[in-house]
>>> print(open('data-v7.txt').read())   # compact mmCIF, C-alpha atoms and all ligand atoms
# COMPACT_ATOMS: atom_id res chain seq x y z
CA MET A 1 -56.64 -4.15 111.70
CA THR A 2 -53.24 -5.24 110.34
CA LEU A 3 -53.18 -4.60 106.62
CA GLN A 4 -50.58 -6.20 104.40
CA LEU A 5 -50.15 -6.96 100.72
CA LYS A 6 -49.06 -10.59 100.41
CA ALA A 7 -48.80 -13.21 97.67
CA ILE A 8 -51.93 -15.39 97.58
CA PRO A 9 -51.01 -19.06 97.99
CA ASP A 10 -53.06 -21.80 96.31
CA SER A 11 -54.20 -22.84 99.79
CA HIS A 12 -56.28 -19.60 99.89
CA VAL A 13 -58.01 -20.33 96.59
CA ASP A 14 -61.46 -20.72 98.16
CA ALA A 15 -61.38 -17.24 99.69
CA PHE A 16 -59.96 -15.84 96.43
CA PHE A 17 -62.64 -17.62 94.39
CA GLU A 18 -65.43 -16.36 96.65
CA MET A 19 -64.19 -12.78 96.27
CA MET A 20 -63.86 -13.04 92.46
CA ASN A 21 -67.24 -14.71 91.99
CA ASP A 22 -69.08 -11.46 92.64
CA PRO A 23 -70.80 -9.52 89.85
CA THR A 24 -70.26 -6.18 91.60
CA LEU A 25 -66.53 -6.87 91.41
CA SER A 26 -66.22 -8.41 87.94
CA ILE A 27 -68.39 -5.76 86.29
CA ASN A 28 -65.80 -3.13 87.23
CA SER A 29 -62.80 -5.22 86.20
CA GLY A 30 -61.25 -5.77 82.81
CA SER A 31 -60.68 -9.49 82.64
CA ILE A 32 -62.82 -11.21 85.28
CA PRO A 33 -65.88 -12.81 83.68
CA LEU A 34 -69.31 -12.85 85.32
CA GLY A 35 -69.56 -16.06 87.31
CA VAL A 36 -66.22 -17.80 87.73
CA ASP A 37 -65.52 -21.20 89.25
CA ARG A 38 -62.81 -22.53 91.54
CA ALA A 39 -60.78 -23.87 88.60
CA TRP A 40 -60.80 -20.40 87.03
CA ALA A 41 -59.54 -18.96 90.32
CA LEU A 42 -56.70 -21.49 90.61
CA ASN A 43 -55.70 -20.87 87.03
CA ARG A 44 -55.77 -17.11 87.62
CA LEU A 45 -53.39 -17.43 90.59
CA SER A 46 -51.03 -19.51 88.46
CA GLU A 47 -51.16 -17.09 85.48
CA ARG A 48 -50.42 -14.16 87.77
CA ARG A 49 -47.34 -15.93 89.17
CA GLN A 50 -46.08 -16.54 85.64
CA GLU A 51 -46.58 -12.87 84.75
CA GLU A 52 -44.67 -11.89 87.90
CA LYS A 53 -41.78 -14.13 86.83
CA ALA A 54 -41.86 -12.44 83.42
CA GLY A 55 -41.67 -9.02 85.14
CA THR A 56 -44.95 -7.73 83.69
CA ARG A 57 -47.16 -7.83 86.78
CA VAL A 58 -47.22 -8.05 90.56
CA ASP A 59 -50.59 -8.97 92.06
CA ARG A 60 -51.06 -9.28 95.80
CA GLY A 61 -53.79 -10.18 98.21
CA LEU A 62 -54.82 -7.46 100.66
CA TYR A 63 -54.85 -9.26 104.00
CA ASP A 64 -56.17 -8.22 107.37
CA GLY A 65 -54.08 -10.63 109.42
CA GLU A 66 -54.74 -13.95 107.70
CA THR A 67 -58.05 -12.89 106.11
CA LEU A 68 -58.07 -12.09 102.40
CA ILE A 69 -60.14 -8.91 101.95
CA GLY A 70 -58.97 -7.57 98.60
CA ILE A 71 -56.46 -7.62 95.79
CA ALA A 72 -54.11 -4.95 94.52
CA GLY A 73 -51.14 -4.72 92.24
CA TRP A 74 -49.49 -3.29 89.16
CA PHE A 75 -49.06 -4.44 85.57
CA ILE A 76 -47.60 -3.24 82.30
CA ASN A 77 -50.62 -2.41 80.15
CA GLU A 78 -51.16 -2.78 76.40
CA GLU A 79 -49.53 0.62 75.79
CA ASP A 80 -46.48 -0.47 77.78
CA LEU A 81 -47.41 1.88 80.61
CA MET A 82 -47.32 1.17 84.33
CA GLU A 83 -50.89 0.69 85.56
CA ILE A 84 -52.36 -0.23 88.93
CA GLY A 85 -55.53 -2.10 89.83
CA TYR A 86 -57.37 -3.14 92.99
CA ALA A 87 -60.62 -4.56 94.30
CA ILE A 88 -62.08 -4.98 97.76
CA HIS A 89 -64.32 -7.83 98.90
CA LYS A 90 -67.94 -6.64 98.89
CA ASP A 91 -68.25 -7.09 102.67
CA HIS A 92 -65.34 -4.73 103.37
CA ARG A 93 -66.04 -1.71 101.16
CA GLY A 94 -66.64 1.85 102.34
CA LYS A 95 -63.93 1.77 105.01
CA GLY A 96 -61.04 3.33 103.12
CA LEU A 97 -59.43 0.00 102.30
CA ALA A 98 -59.10 0.47 98.53
CA THR A 99 -57.41 3.80 99.15
CA ARG A 100 -54.97 2.15 101.52
CA ALA A 101 -54.35 -0.80 99.19
CA ALA A 102 -53.73 1.42 96.17
CA ALA A 103 -51.40 3.63 98.25
CA MET A 104 -49.47 0.50 99.26
CA VAL A 105 -49.03 -0.44 95.58
CA VAL A 106 -47.77 3.08 94.77
CA ASP A 107 -45.34 2.81 97.72
CA MET A 108 -44.22 -0.62 96.49
CA LEU A 109 -43.40 0.87 93.09
CA ARG A 110 -41.72 4.01 94.41
CA SER A 111 -39.64 2.11 96.98
CA GLY A 112 -38.65 -0.26 94.17
CA ASP A 113 -37.17 2.79 92.43
CA TYR A 114 -39.90 3.17 89.84
CA ASP A 115 -40.08 6.96 89.37
CA GLY A 116 -42.20 7.05 86.21
CA PRO A 117 -45.86 7.91 85.78
CA ILE A 118 -48.44 5.49 87.18
CA TYR A 119 -51.73 5.07 85.34
CA ALA A 120 -55.12 3.71 86.30
CA GLN A 121 -58.40 3.26 84.45
CA TYR A 122 -61.92 3.03 85.76
CA PHE A 123 -65.29 2.72 84.08
CA LYS A 124 -67.16 6.00 84.03
CA ASP A 125 -69.99 4.53 86.10
CA ASN A 126 -67.55 3.43 88.84
CA GLU A 127 -67.37 6.70 90.75
CA ALA A 128 -66.10 5.09 93.96
CA SER A 129 -62.94 3.98 92.15
CA GLY A 130 -62.50 7.44 90.66
CA ARG A 131 -62.69 8.87 94.17
CA VAL A 132 -60.04 6.43 95.43
CA LEU A 133 -57.64 7.56 92.71
CA GLU A 134 -58.43 11.24 93.24
CA LYS A 135 -57.66 10.86 96.96
CA LEU A 136 -54.22 9.48 96.00
CA GLY A 137 -53.43 12.42 93.72
CA PHE A 138 -54.13 10.82 90.34
CA GLU A 139 -55.06 13.39 87.71
CA PRO A 140 -57.35 13.14 84.66
CA ASP A 141 -55.45 11.98 81.57
CA GLY A 142 -58.14 11.29 79.01
CA SER A 143 -60.68 8.64 78.35
CA THR A 144 -60.93 5.36 76.48
CA GLU A 145 -63.15 2.38 75.80
CA GLY A 146 -62.10 -0.23 78.36
CA MET A 147 -62.65 -3.93 77.78
CA SER A 148 -64.74 -5.72 80.39
CA ALA A 149 -65.23 -9.46 80.18
CA ALA A 150 -68.17 -9.22 82.59
CA ARG A 151 -69.88 -6.52 80.52
CA GLY A 152 -69.26 -8.54 77.38
CA GLY A 153 -67.47 -5.77 75.52
CA THR A 154 -66.06 -2.33 75.95
CA SER A 155 -67.40 0.41 78.16
CA PRO A 156 -66.39 4.09 78.48
CA ALA A 157 -63.57 4.55 80.99
CA TRP A 158 -61.52 7.38 82.43
CA ILE A 159 -57.73 7.28 82.36
CA VAL A 160 -55.94 8.92 85.28
CA LYS A 161 -52.26 9.39 86.00
CA LEU A 162 -50.01 9.93 88.98
CA PRO A 163 -47.18 12.08 87.60
CA ALA A 164 -43.62 10.83 87.46
CA ILE A 165 -41.53 11.94 90.44
CA ASP A 166 -39.61 14.50 88.31
CA GLU A 167 -42.76 15.78 86.62
CA GLY A 168 -44.33 16.23 90.05
CA GLN A 169 -41.35 18.23 91.30
CA ASP A 170 -41.26 20.46 88.22
CA ALA A 171 -44.95 21.19 88.34
C1 LIG A 201 -64.19 0.68 93.95
C2 LIG A 201 -63.75 -0.05 95.22
C3 LIG A 201 -62.35 -0.62 95.00
C4 LIG A 201 -63.75 0.95 96.37
O1 LIG A 201 -63.31 0.29 97.55
P1 LIG A 201 -63.52 0.93 99.00
O2 LIG A 201 -62.63 0.20 99.95
O3 LIG A 201 -64.96 1.00 99.31
O4 LIG A 201 -62.95 2.41 98.72
P2 LIG A 201 -62.55 3.52 99.81
O5 LIG A 201 -63.41 3.30 101.02
O6 LIG A 201 -61.08 3.53 99.97
O7 LIG A 201 -62.93 4.88 99.06
C5 LIG A 201 -64.15 4.98 98.34
C6 LIG A 201 -64.46 6.45 98.14
O8 LIG A 201 -65.49 6.54 97.14
C7 LIG A 201 -66.63 7.18 97.69
N1 LIG A 201 -67.79 6.56 97.06
C8 LIG A 201 -68.33 5.37 97.32
N2 LIG A 201 -69.37 5.14 96.50
C9 LIG A 201 -69.45 6.21 95.69
C10 LIG A 201 -70.32 6.57 94.62
N3 LIG A 201 -71.29 5.76 94.22
N4 LIG A 201 -70.12 7.76 94.01
C11 LIG A 201 -69.12 8.58 94.38
N5 LIG A 201 -68.26 8.29 95.41
C12 LIG A 201 -68.44 7.11 96.05
C13 LIG A 201 -66.52 6.94 99.17
O9 LIG A 201 -67.29 7.89 99.89
C14 LIG A 201 -65.02 7.12 99.38
O10 LIG A 201 -64.63 8.47 99.31
P3 LIG A 201 -64.39 9.36 100.64
O11 LIG A 201 -63.26 8.72 101.38
O12 LIG A 201 -64.07 10.72 100.11
O13 LIG A 201 -65.68 9.31 101.43
C15 LIG A 201 -64.73 -1.21 95.58
O14 LIG A 201 -66.06 -0.73 95.51
C16 LIG A 201 -64.59 -2.43 94.69
O15 LIG A 201 -63.80 -3.31 94.94
N6 LIG A 201 -65.37 -2.46 93.59
C17 LIG A 201 -65.30 -3.56 92.63
C18 LIG A 201 -63.95 -3.65 91.93
C19 LIG A 201 -63.47 -2.31 91.40
O16 LIG A 201 -64.25 -1.44 91.07
N7 LIG A 201 -62.14 -2.15 91.32
C20 LIG A 201 -61.55 -0.95 90.77
C21 LIG A 201 -61.47 -1.08 89.29
S1 LIG A 201 -60.90 0.42 88.53
>>> encode(input="data-v7.txt", output="structure tokens")
Amino acid sequence: MTLQLKAIPDSHVDAFFEMMNDPTLSINSGSIPLGVDRAWALNRLSERRQEEKAGTRVDRGLYDGETLIGIAGWFINEEDLMEIGYAIHKDHRGKGLATRAAAMVVDMLRSGDYDGPIYAQYFKDNEASGRVLEKLGFEPDGSTEGMSAARGGTSPAWIVKLPAIDEGQDA
């Protein structure tokens, strides 16, 4: 297995669409509605590129060779904090891939000289995601009501934080 985070080109929209059009994925995301179509997927890829140009987000495909098996990236959230997110295609879960993808995003940020705290949020019923973040050293930092398009409203969520490099050294 050769894992890489790479930009998703429009030519991979069908694989991207198929991955996004999965209720077990959207239900645990913030902004992916239940049941999307190919046009939604194309538009999503385009929006993400615009946000990357604006400096507010980097979203990548998790590829095993040329096969798209997940997504992972960072964004500046509504509180102006650095947050990461990820999802793995339903056929590839339970093999440590989310942990590896999230670690690659943290490495991307740290090697890009971002030393500050890194946040993540997960719905309280999404224990697998909580475990991924715990394995990477994220620590509890409160709770919130997270918006979920697929759930049609907010749902209780945990906030976790990977300390800033300095904070980590002082602790
Ligand atoms: C959550 C998700 C990303 C996990 O992906 P994954 O590749 O299966 O994750 P990993 O294999 O790296 O790690 C999962 C960990 O959770 C554990 N786990 C799985 N299901 C669990 C459950 N129901 N309760 C508690 N722990 C669970 C696994 O045992 C593993 O921990 P371990 O290594 O200590 O055994 C994946 O299920 C997914 O894409 N879900 C939909 C989208 C999503 O939830 N994204 C995250 C939004 S915050």
>>> atom_distance(input="data-v7.txt", atom1="CA of Gly142 in chain A", atom2="CA of Ile159 in chain A")
5.2 Å
>>> closest_atom_pairs(input="data-v7.txt", of="chain A", to="ligand LIG 201 (chain A)", cutoff="6 Å", atoms="all atoms listed in the file", output="JSON lines")
{"residue": "A:Thr24", "atom": "CA", "partner": "A:LIG201", "partner_atom": "C17", "distance": 5.7}
{"residue": "A:Leu25", "atom": "CA", "partner": "A:LIG201", "partner_atom": "C17", "distance": 3.7}
{"residue": "A:Asn28", "atom": "CA", "partner": "A:LIG201", "partner_atom": "O16", "distance": 4.5}
{"residue": "A:Ser29", "atom": "CA", "partner": "A:LIG201", "partner_atom": "C21", "distance": 5.3}
{"residue": "A:Tyr86", "atom": "CA", "partner": "A:LIG201", "partner_atom": "N7", "distance": 5.1}
{"residue": "A:Ala87", "atom": "CA", "partner": "A:LIG201", "partner_atom": "O15", "distance": 3.5}
{"residue": "A:Ile88", "atom": "CA", "partner": "A:LIG201", "partner_atom": "O15", "distance": 3.7}
{"residue": "A:Arg93", "atom": "CA", "partner": "A:LIG201", "partner_atom": "O3", "distance": 3.5}
{"residue": "A:Gly94", "atom": "CA", "partner": "A:LIG201", "partner_atom": "O3", "distance": 3.6}
{"residue": "A:Lys95", "atom": "CA", "partner": "A:LIG201", "partner_atom": "O5", "distance": 4.3}
{"residue": "A:Gly96", "atom": "CA", "partner": "A:LIG201", "partner_atom": "O6", "distance": 3.2}
{"residue": "A:Leu97", "atom": "CA", "partner": "A:LIG201", "partner_atom": "O2", "distance": 4.0}
{"residue": "A:Ala98", "atom": "CA", "partner": "A:LIG201", "partner_atom": "O2", "distance": 3.8}
{"residue": "A:Thr99", "atom": "CA", "partner": "A:LIG201", "partner_atom": "O6", "distance": 3.8}
{"residue": "A:Gln121", "atom": "CA", "partner": "A:LIG201", "partner_atom": "S1", "distance": 5.6}
{"residue": "A:Tyr122", "atom": "CA", "partner": "A:LIG201", "partner_atom": "S1", "distance": 3.9}
{"residue": "A:Glu127", "atom": "CA", "partner": "A:LIG201", "partner_atom": "N4", "distance": 4.4}
{"residue": "A:Ala128", "atom": "CA", "partner": "A:LIG201", "partner_atom": "O8", "distance": 3.5}
{"residue": "A:Ser129", "atom": "CA", "partner": "A:LIG201", "partner_atom": "C1", "distance": 4.0}
{"residue": "A:Arg131", "atom": "CA", "partner": "A:LIG201", "partner_atom": "O8", "distance": 4.7}
{"residue": "A:Val132", "atom": "CA", "partner": "A:LIG201", "partner_atom": "O7", "distance": 4.9}
>>> atom_distance(input="data-v7.txt", atom1="CA of Phe123 in chain A", atom2="CA of Lys161 in chain A")
14.8 Å
>>> residues_around(input="data-v7.txt", residues="Lys124 in chain A", least_positions_apart="4", cutoff="7 Å", atoms="all atoms listed in the file", output="PyMOL selection string")
chain A and resi 156-158
>>> closest_atom_pairs(input="data-v7.txt", of="range 98-155 of chain A", to="range 34-45 of chain A", cutoff="12 Å", atoms="all atoms listed in the file", output="JSON lines")
{"residue": "A:Ser148", "atom": "CA", "partner": "A:Leu34", "partner_atom": "CA", "distance": 9.8}
{"residue": "A:Ala149", "atom": "CA", "partner": "A:Leu34", "partner_atom": "CA", "distance": 7.4}
{"residue": "A:Ala150", "atom": "CA", "partner": "A:Leu34", "partner_atom": "CA", "distance": 4.7}
{"residue": "A:Arg151", "atom": "CA", "partner": "A:Leu34", "partner_atom": "CA", "distance": 8.0}
{"residue": "A:Gly152", "atom": "CA", "partner": "A:Leu34", "partner_atom": "CA", "distance": 9.0}
>>> residues_around(input="data-v7.txt", residues="Val105 in chain A", least_positions_apart="3", cutoff="9 Å", atoms="only C-alpha atoms", output="list in words")
Leu5, Ala72, Gly73, Trp74, Ile84, Gly85, Arg100, Ala101, Ala102, Met108, Leu109 and Arg110 of chain A
>>> closest_residue(input="data-v7.txt", among="A:Gly153, A:Gly137, A:Pro9, A:Gly146", to="Glu66 in chain A", atoms="only C-alpha atoms")
A:Pro9
>>> residues_around(input="data-v7.txt", residues="Asp113 in chain A", least_positions_apart="6", cutoff="12 Å", atoms="only C-alpha atoms", output="list of chain:residue names")
A:Val106, A:Asp107, A:Ala164, A:Ile165
>>> write_last_selection(input="data-v7.txt", atoms="C-alpha atoms", output="tab-separated table (two decimals), keeping the file's coordinate frame")
chain	number	residue	atom	x	y	z
A	106	VAL	CA	-47.77	3.08	94.77
A	107	ASP	CA	-45.34	2.81	97.72
A	164	ALA	CA	-43.62	10.83	87.46
A	165	ILE	CA	-41.53	11.94	90.44
>>> residues_around(input="data-v7.txt", residues="Met147 in chain A", least_positions_apart="5", cutoff="8 Å", atoms="all atoms listed in the file", output="VMD selection string")
chain A and resid 30 to 31 153 to 155
>>> atom_distance(input="data-v7.txt", atom1="CA of Gly116 in chain A", atom2="CA of Pro163 in chain A")
7.2 Å
>>> closest_residue(input="data-v7.txt", among="A:Glu52, A:Glu18, A:Asp64, A:Glu78", to="Gln4 in chain A", atoms="all atoms listed in the file")
A:Asp64
>>> closest_residue(input="data-v7.txt", among="A:Glu51, A:Asp80, A:Asp91, A:Asp22", to="Tyr119 in chain A", atoms="only C-alpha atoms")
A:Asp80
